[in-house]
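Colleague: Would you mind keeping the following structure in view while I ask a few things?
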Amino acid sequence: MPRTDEGTCAQFEAAGRRLRGSFVIRAASVKKFLFAMIAGALVLVAAGLVFVGPQTLLLLLNFPRHAFADDPPTVAPDYASPEAWARYGTNADAAVDVFFIHPTGYFRGERWNSPLDPDSAAAHNRRWMMANMASVFDDFAVYAPKYREATIYAFLDADSDDSRAALALAYADVREAFEYFLTHISRGRPFILAGHSQGTLHGLHCCGMSRGAATRATAWSWLTCRVARSRR
């Protein structure tokens, strides 16, 4: 049986110690790097909370990362169906109608416009808006269309082509609902056009204002246009 050379064993043991030491140093370096990355991320989050606020920071982190044209196609509401309306003629015996355009309730970034999913948070928000905003008009016959509202992010970069396209799609739905309301529901009866936030913007367009004037007027919290008669 061959004898082991003591010098060779010592060399192997020394190499093993160096190798183990190298792993320890590398592991320590990786830990330091990870700690530095976590600390940097925490500093950035803290700075964001201080300078823009928690809500704005969350919005910025979820901003759409795709073009409007890349959104999956959605089906426009059929306003001949009561299902396309969030409120449809409550208190129908009233002498005055209300066409109410709800504000933004779609706060996600997966799409530029709400797909009108009935089980989504946006649908829940819309129901809340009907109960807490449109209810001020409960003495009248209230008609509030569901529409493919633009995401809240469309207002954070309102001059971009994607934001403009999202708002244009939302307005197209509102305009279609308004035309249906004038032709098939109001039919010359006195009515009130009311809206809030994004609904205000679309309502101003329905009133015939130019886009520039409507954009400047979004500072108005509420829009109420009292119309004696439909002029259609």
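Residue names in the structure tokens use chain letters A, B, ... in the order shown, residue numbers from 1 in each chain, and ligand numbers from 1 in the order shown.
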Contacts of stretch 79-93 of chain A at 9 Å or less, counting only C-alpha atoms, minus same-chain residues fewer than 3 places along, as a PyMOL selection string?

Modeller: chain A and resi 96-98+100+126-127+130+134+138-147+176-177+180-181+184-185

Colleague: What does the structure give for the distance between atom CA of A:His196 and atom CA of A:Glu149, in Å to one decimal?

Modeller: 12.6 Å

Colleague: Which residues in stretch 45-170 of chain A does DSSP call helix (DSSP H, G or I)? List them as a count of residues only.

Modeller: 51

Colleague: For the atom pair atom CA of A:Gly105 and atom CA of A:Ala122, what is the interatomic distance in Å to one decimal place?

Modeller: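 Calculated distance between atom CA of A:Gly105 and atom CA of A:Ala122 is 5.0 Å.
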
Colleague: Between atom CA of A:Trp112 and atom CA of A:Asp173, what is the distance in Å, rounded to a tenth?

Modeller: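 Atom-to-atom, atom CA of A:Trp112 to atom CA of A:Asp173, that is 14.4 Å.
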
Colleague: DSSP on the backbone: what in stretch 48-227 of chain A comes out strand (DSSP E), as a PyMOL selection string?

Modeller: chain A and resi 85-90+97-101+141-145+191-196+222-227

Colleague: With N, CA and C atoms retained, write the just-selected residues as a PDB file, in the first residue's frame.

Modeller:
ATOM      1  N   TRP A  85     -75.954  50.966 -18.248  1.00  0.00           N
ATOM      2  CA  TRP A  85     -76.100  52.156 -17.419  1.00  0.00           C
ATOM      3  C   TRP A  85     -75.903  51.807 -15.949  1.00  0.00           C
ATOM      4  N   ALA A  86     -75.169  52.669 -15.242  1.00  0.00           N
ATOM      5  CA  ALA A  86     -75.002  52.485 -13.804  1.00  0.00           C
ATOM      6  C   ALA A  86     -76.259  52.898 -13.052  1.00  0.00           C
ATOM      7  N   ARG A  87     -76.952  53.906 -13.572  1.00  0.00           N
ATOM      8  CA  ARG A  87     -78.278  54.301 -13.079  1.00  0.00           C
ATOM      9  C   ARG A  87     -79.143  54.516 -14.303  1.00  0.00           C
ATOM     10  N   TYR A  88     -80.347  53.974 -14.261  1.00  0.00           N
ATOM     11  CA  TYR A  88     -81.219  54.083 -15.430  1.00  0.00           C
ATOM     12  C   TYR A  88     -82.627  54.453 -14.995  1.00  0.00           C
ATOM     13  N   GLY A  89     -82.879  55.752 -14.954  1.00  0.00           N
ATOM     14  CA  GLY A  89     -84.228  56.247 -14.754  1.00  0.00           C
ATOM     15  C   GLY A  89     -84.811  56.033 -13.384  1.00  0.00           C
ATOM     16  N   THR A  90     -83.950  56.063 -12.343  1.00  0.00           N
ATOM     17  CA  THR A  90     -84.524  56.024 -11.005  1.00  0.00           C
ATOM     18  C   THR A  90     -85.412  57.257 -10.810  1.00  0.00           C
ATOM     19  N   ASP A  97     -84.847  65.250 -15.922  1.00  0.00           N
ATOM     20  CA  ASP A  97     -83.865  64.167 -16.004  1.00  0.00           C
ATOM     21  C   ASP A  97     -82.479  64.683 -15.621  1.00  0.00           C
ATOM     22  N   VAL A  98     -81.585  63.772 -15.259  1.00  0.00           N
ATOM     23  CA  VAL A  98     -80.176  64.085 -15.008  1.00  0.00           C
ATOM     24  C   VAL A  98     -79.318  63.091 -15.772  1.00  0.00           C
ATOM     25  N   PHE A  99     -78.401  63.623 -16.578  1.00  0.00           N
ATOM     26  CA  PHE A  99     -77.400  62.786 -17.238  1.00  0.00           C
ATOM     27  C   PHE A  99     -76.109  62.964 -16.438  1.00  0.00           C
ATOM     28  N   PHE A 100     -75.740  61.935 -15.675  1.00  0.00           N
ATOM     29  CA  PHE A 100     -74.607  62.020 -14.751  1.00  0.00           C
ATOM     30  C   PHE A 100     -73.428  61.218 -15.278  1.00  0.00           C
ATOM     31  N   ILE A 101     -72.256  61.860 -15.338  1.00  0.00           N
ATOM     32  CA  ILE A 101     -71.027  61.208 -15.829  1.00  0.00           C
ATOM     33  C   ILE A 101     -70.093  61.034 -14.647  1.00  0.00           C
ATOM     34  N   ALA A 141     -84.927  62.067 -12.293  1.00  0.00           N
ATOM     35  CA  ALA A 141     -84.705  60.798 -12.986  1.00  0.00           C
ATOM     36  C   ALA A 141     -83.255  60.761 -13.457  1.00  0.00           C
ATOM     37  N   VAL A 142     -82.448  59.903 -12.827  1.00  0.00           N
ATOM     38  CA  VAL A 142     -80.999  59.895 -13.057  1.00  0.00           C
ATOM     39  C   VAL A 142     -80.619  58.821 -14.072  1.00  0.00           C
ATOM     40  N   TYR A 143     -79.831  59.225 -15.060  1.00  0.00           N
ATOM     41  CA  TYR A 143     -79.285  58.312 -16.063  1.00  0.00           C
ATOM     42  C   TYR A 143     -77.764  58.481 -16.067  1.00  0.00           C
ATOM     43  N   ALA A 144     -77.041  57.429 -15.694  1.00  0.00           N
ATOM     44  CA  ALA A 144     -75.578  57.495 -15.587  1.00  0.00           C
ATOM     45  C   ALA A 144     -74.981  56.351 -16.392  1.00  0.00           C
ATOM     46  N   PRO A 145     -74.335  56.645 -17.517  1.00  0.00           N
ATOM     47  CA  PRO A 145     -73.805  55.568 -18.356  1.00  0.00           C
ATOM     48  C   PRO A 145     -72.520  54.959 -17.795  1.00  0.00           C
ATOM     49  N   PHE A 191     -83.463  68.753 -18.694  1.00  0.00           N
ATOM     50  CA  PHE A 191     -82.502  67.849 -18.064  1.00  0.00           C
ATOM     51  C   PHE A 191     -81.301  68.628 -17.541  1.00  0.00           C
ATOM     52  N   ILE A 192     -80.586  67.971 -16.656  1.00  0.00           N
ATOM     53  CA  ILE A 192     -79.346  68.503 -16.084  1.00  0.00           C
ATOM     54  C   ILE A 192     -78.205  67.597 -16.511  1.00  0.00           C
ATOM     55  N   LEU A 193     -77.123  68.196 -16.992  1.00  0.00           N
ATOM     56  CA  LEU A 193     -75.911  67.456 -17.327  1.00  0.00           C
ATOM     57  C   LEU A 193     -74.917  67.674 -16.193  1.00  0.00           C
ATOM     58  N   ALA A 194     -74.526  66.615 -15.527  1.00  0.00           N
ATOM     59  CA  ALA A 194     -73.663  66.738 -14.352  1.00  0.00           C
ATOM     60  C   ALA A 194     -72.524  65.730 -14.420  1.00  0.00           C
ATOM     61  N   GLY A 195     -71.392  66.105 -13.858  1.00  0.00           N
ATOM     62  CA  GLY A 195     -70.255  65.193 -13.829  1.00  0.00           C
ATOM     63  C   GLY A 195     -69.232  65.634 -12.806  1.00  0.00           C
ATOM     64  N   HIS A 196     -68.261  64.777 -12.559  1.00  0.00           N
ATOM     65  CA  HIS A 196     -67.201  65.079 -11.606  1.00  0.00           C
ATOM     66  C   HIS A 196     -65.893  64.528 -12.144  1.00  0.00           C
ATOM     67  N   TRP A 222     -67.238  70.279 -10.048  1.00  0.00           N
ATOM     68  CA  TRP A 222     -68.508  69.791 -10.574  1.00  0.00           C
ATOM     69  C   TRP A 222     -68.909  70.603 -11.794  1.00  0.00           C
ATOM     70  N   LEU A 223     -69.546  69.935 -12.692  1.00  0.00           N
ATOM     71  CA  LEU A 223     -70.136  70.620 -13.848  1.00  0.00           C
ATOM     72  C   LEU A 223     -71.637  70.386 -13.793  1.00  0.00           C
ATOM     73  N   THR A 224     -72.392  71.444 -13.838  1.00  0.00           N
ATOM     74  CA  THR A 224     -73.840  71.316 -13.962  1.00  0.00           C
ATOM     75  C   THR A 224     -74.323  72.306 -14.998  1.00  0.00           C
ATOM     76  N   CYS A 225     -74.772  71.797 -16.122  1.00  0.00           N
ATOM     77  CA  CYS A 225     -75.332  72.647 -17.170  1.00  0.00           C
ATOM     78  C   CYS A 225     -76.858  72.495 -17.119  1.00  0.00           C
ATOM     79  N   ARG A 226     -77.532  73.543 -16.761  1.00  0.00           N
ATOM     80  CA  ARG A 226     -78.989  73.477 -16.722  1.00  0.00           C
ATOM     81  C   ARG A 226     -79.521  73.812 -18.127  1.00  0.00           C
ATOM     82  N   VAL A 227     -80.263  72.897 -18.664  1.00  0.00           N
ATOM     83  CA  VAL A 227     -80.768  73.055 -20.012  1.00  0.00           C
ATOM     84  C   VAL A 227     -82.290  73.071 -19.959  1.00  0.00           C
TER      85      VAL A 227
END

Colleague: Considering only C-alpha atoms, give me a table of residues in stretch 78-191 of chain A that are at most 8 Å from stretch 62-70 of chain A, with the closest atom pair and distance in Å for each, as a Markdown table.

Modeller:
| residue | atom | partner | partner_atom | distance |
| --- | --- | --- | --- | --- |
| A:Arg108 | CA | A:Asn62 | CA | 7.0 |
| A:Gly109 | CA | A:Pro64 | CA | 4.5 |
| A:Glu110 | CA | A:Pro64 | CA | 6.2 |
| A:Arg111 | CA | A:Pro64 | CA | 7.0 |
| A:Trp112 | CA | A:Phe68 | CA | 6.1 |
| A:Tyr153 | CA | A:Phe63 | CA | 6.3 |
| A:Asp162 | CA | A:Phe68 | CA | 5.0 |
| A:Ser163 | CA | A:Phe68 | CA | 7.8 |
| A:Ala165 | CA | A:Phe68 | CA | 7.0 |
| A:Ala166 | CA | A:Phe68 | CA | 6.9 |

Colleague: Keeping only N, CA and C atoms, write those residues as a PDB file, in the first residue's frame.

Modeller:
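Saved to again-v6.pdb:
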ATOM      1  N   ARG A 108     -55.779  51.280 -12.424  1.00  0.00           N
ATOM      2  CA  ARG A 108     -54.787  50.260 -12.789  1.00  0.00           C
ATOM      3  C   ARG A 108     -54.022  50.681 -14.043  1.00  0.00           C
ATOM      4  N   GLY A 109     -52.902  49.992 -14.283  1.00  0.00           N
ATOM      5  CA  GLY A 109     -52.062  50.341 -15.415  1.00  0.00           C
ATOM      6  C   GLY A 109     -51.956  49.255 -16.472  1.00  0.00           C
ATOM      7  N   GLU A 110     -52.733  48.159 -16.300  1.00  0.00           N
ATOM      8  CA  GLU A 110     -52.675  47.092 -17.311  1.00  0.00           C
ATOM      9  C   GLU A 110     -53.257  47.533 -18.646  1.00  0.00           C
ATOM     10  N   ARG A 111     -54.204  48.465 -18.605  1.00  0.00           N
ATOM     11  CA  ARG A 111     -54.839  49.001 -19.803  1.00  0.00           C
ATOM     12  C   ARG A 111     -54.930  50.519 -19.680  1.00  0.00           C
ATOM     13  N   TRP A 112     -55.103  51.165 -20.806  1.00  0.00           N
ATOM     14  CA  TRP A 112     -55.309  52.612 -20.803  1.00  0.00           C
ATOM     15  C   TRP A 112     -56.765  52.959 -20.537  1.00  0.00           C
ATOM     16  N   TYR A 153     -53.899  57.280 -14.906  1.00  0.00           N
ATOM     17  CA  TYR A 153     -52.581  57.642 -15.427  1.00  0.00           C
ATOM     18  C   TYR A 153     -52.663  58.539 -16.650  1.00  0.00           C
ATOM     19  N   ASP A 162     -50.766  58.631 -26.025  1.00  0.00           N
ATOM     20  CA  ASP A 162     -51.500  57.535 -25.402  1.00  0.00           C
ATOM     21  C   ASP A 162     -52.609  58.069 -24.492  1.00  0.00           C
ATOM     22  N   SER A 163     -52.303  59.094 -23.709  1.00  0.00           N
ATOM     23  CA  SER A 163     -53.303  59.667 -22.817  1.00  0.00           C
ATOM     24  C   SER A 163     -54.451  60.289 -23.602  1.00  0.00           C
ATOM     25  N   ALA A 165     -55.433  59.488 -26.573  1.00  0.00           N
ATOM     26  CA  ALA A 165     -56.220  58.423 -27.203  1.00  0.00           C
ATOM     27  C   ALA A 165     -57.141  57.755 -26.188  1.00  0.00           C
ATOM     28  N   ALA A 166     -56.641  57.553 -24.963  1.00  0.00           N
ATOM     29  CA  ALA A 166     -57.467  56.934 -23.923  1.00  0.00           C
ATOM     30  C   ALA A 166     -58.653  57.825 -23.563  1.00  0.00           C
TER      31      ALA A 166
END

Colleague: Check the smallest atom-to-atom distance from each of A:Ala121, A:Leu169, A:Leu201, A:Cys206 to A:Leu182 using only C-alpha atoms, then report the winner.

Modeller: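 Checking each candidate against A:Leu182, we get A:Cys206 as the closest.
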
Colleague: Using only C-alpha atoms, which of A:Ser135, A:Leu204, A:Asp119, A:Tyr106 sits nearest A:Arg175?

Modeller: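 Ranking A:Ser135, A:Leu204, A:Asp119, A:Tyr106 by distance to A:Arg175, first place goes to A:Leu204.
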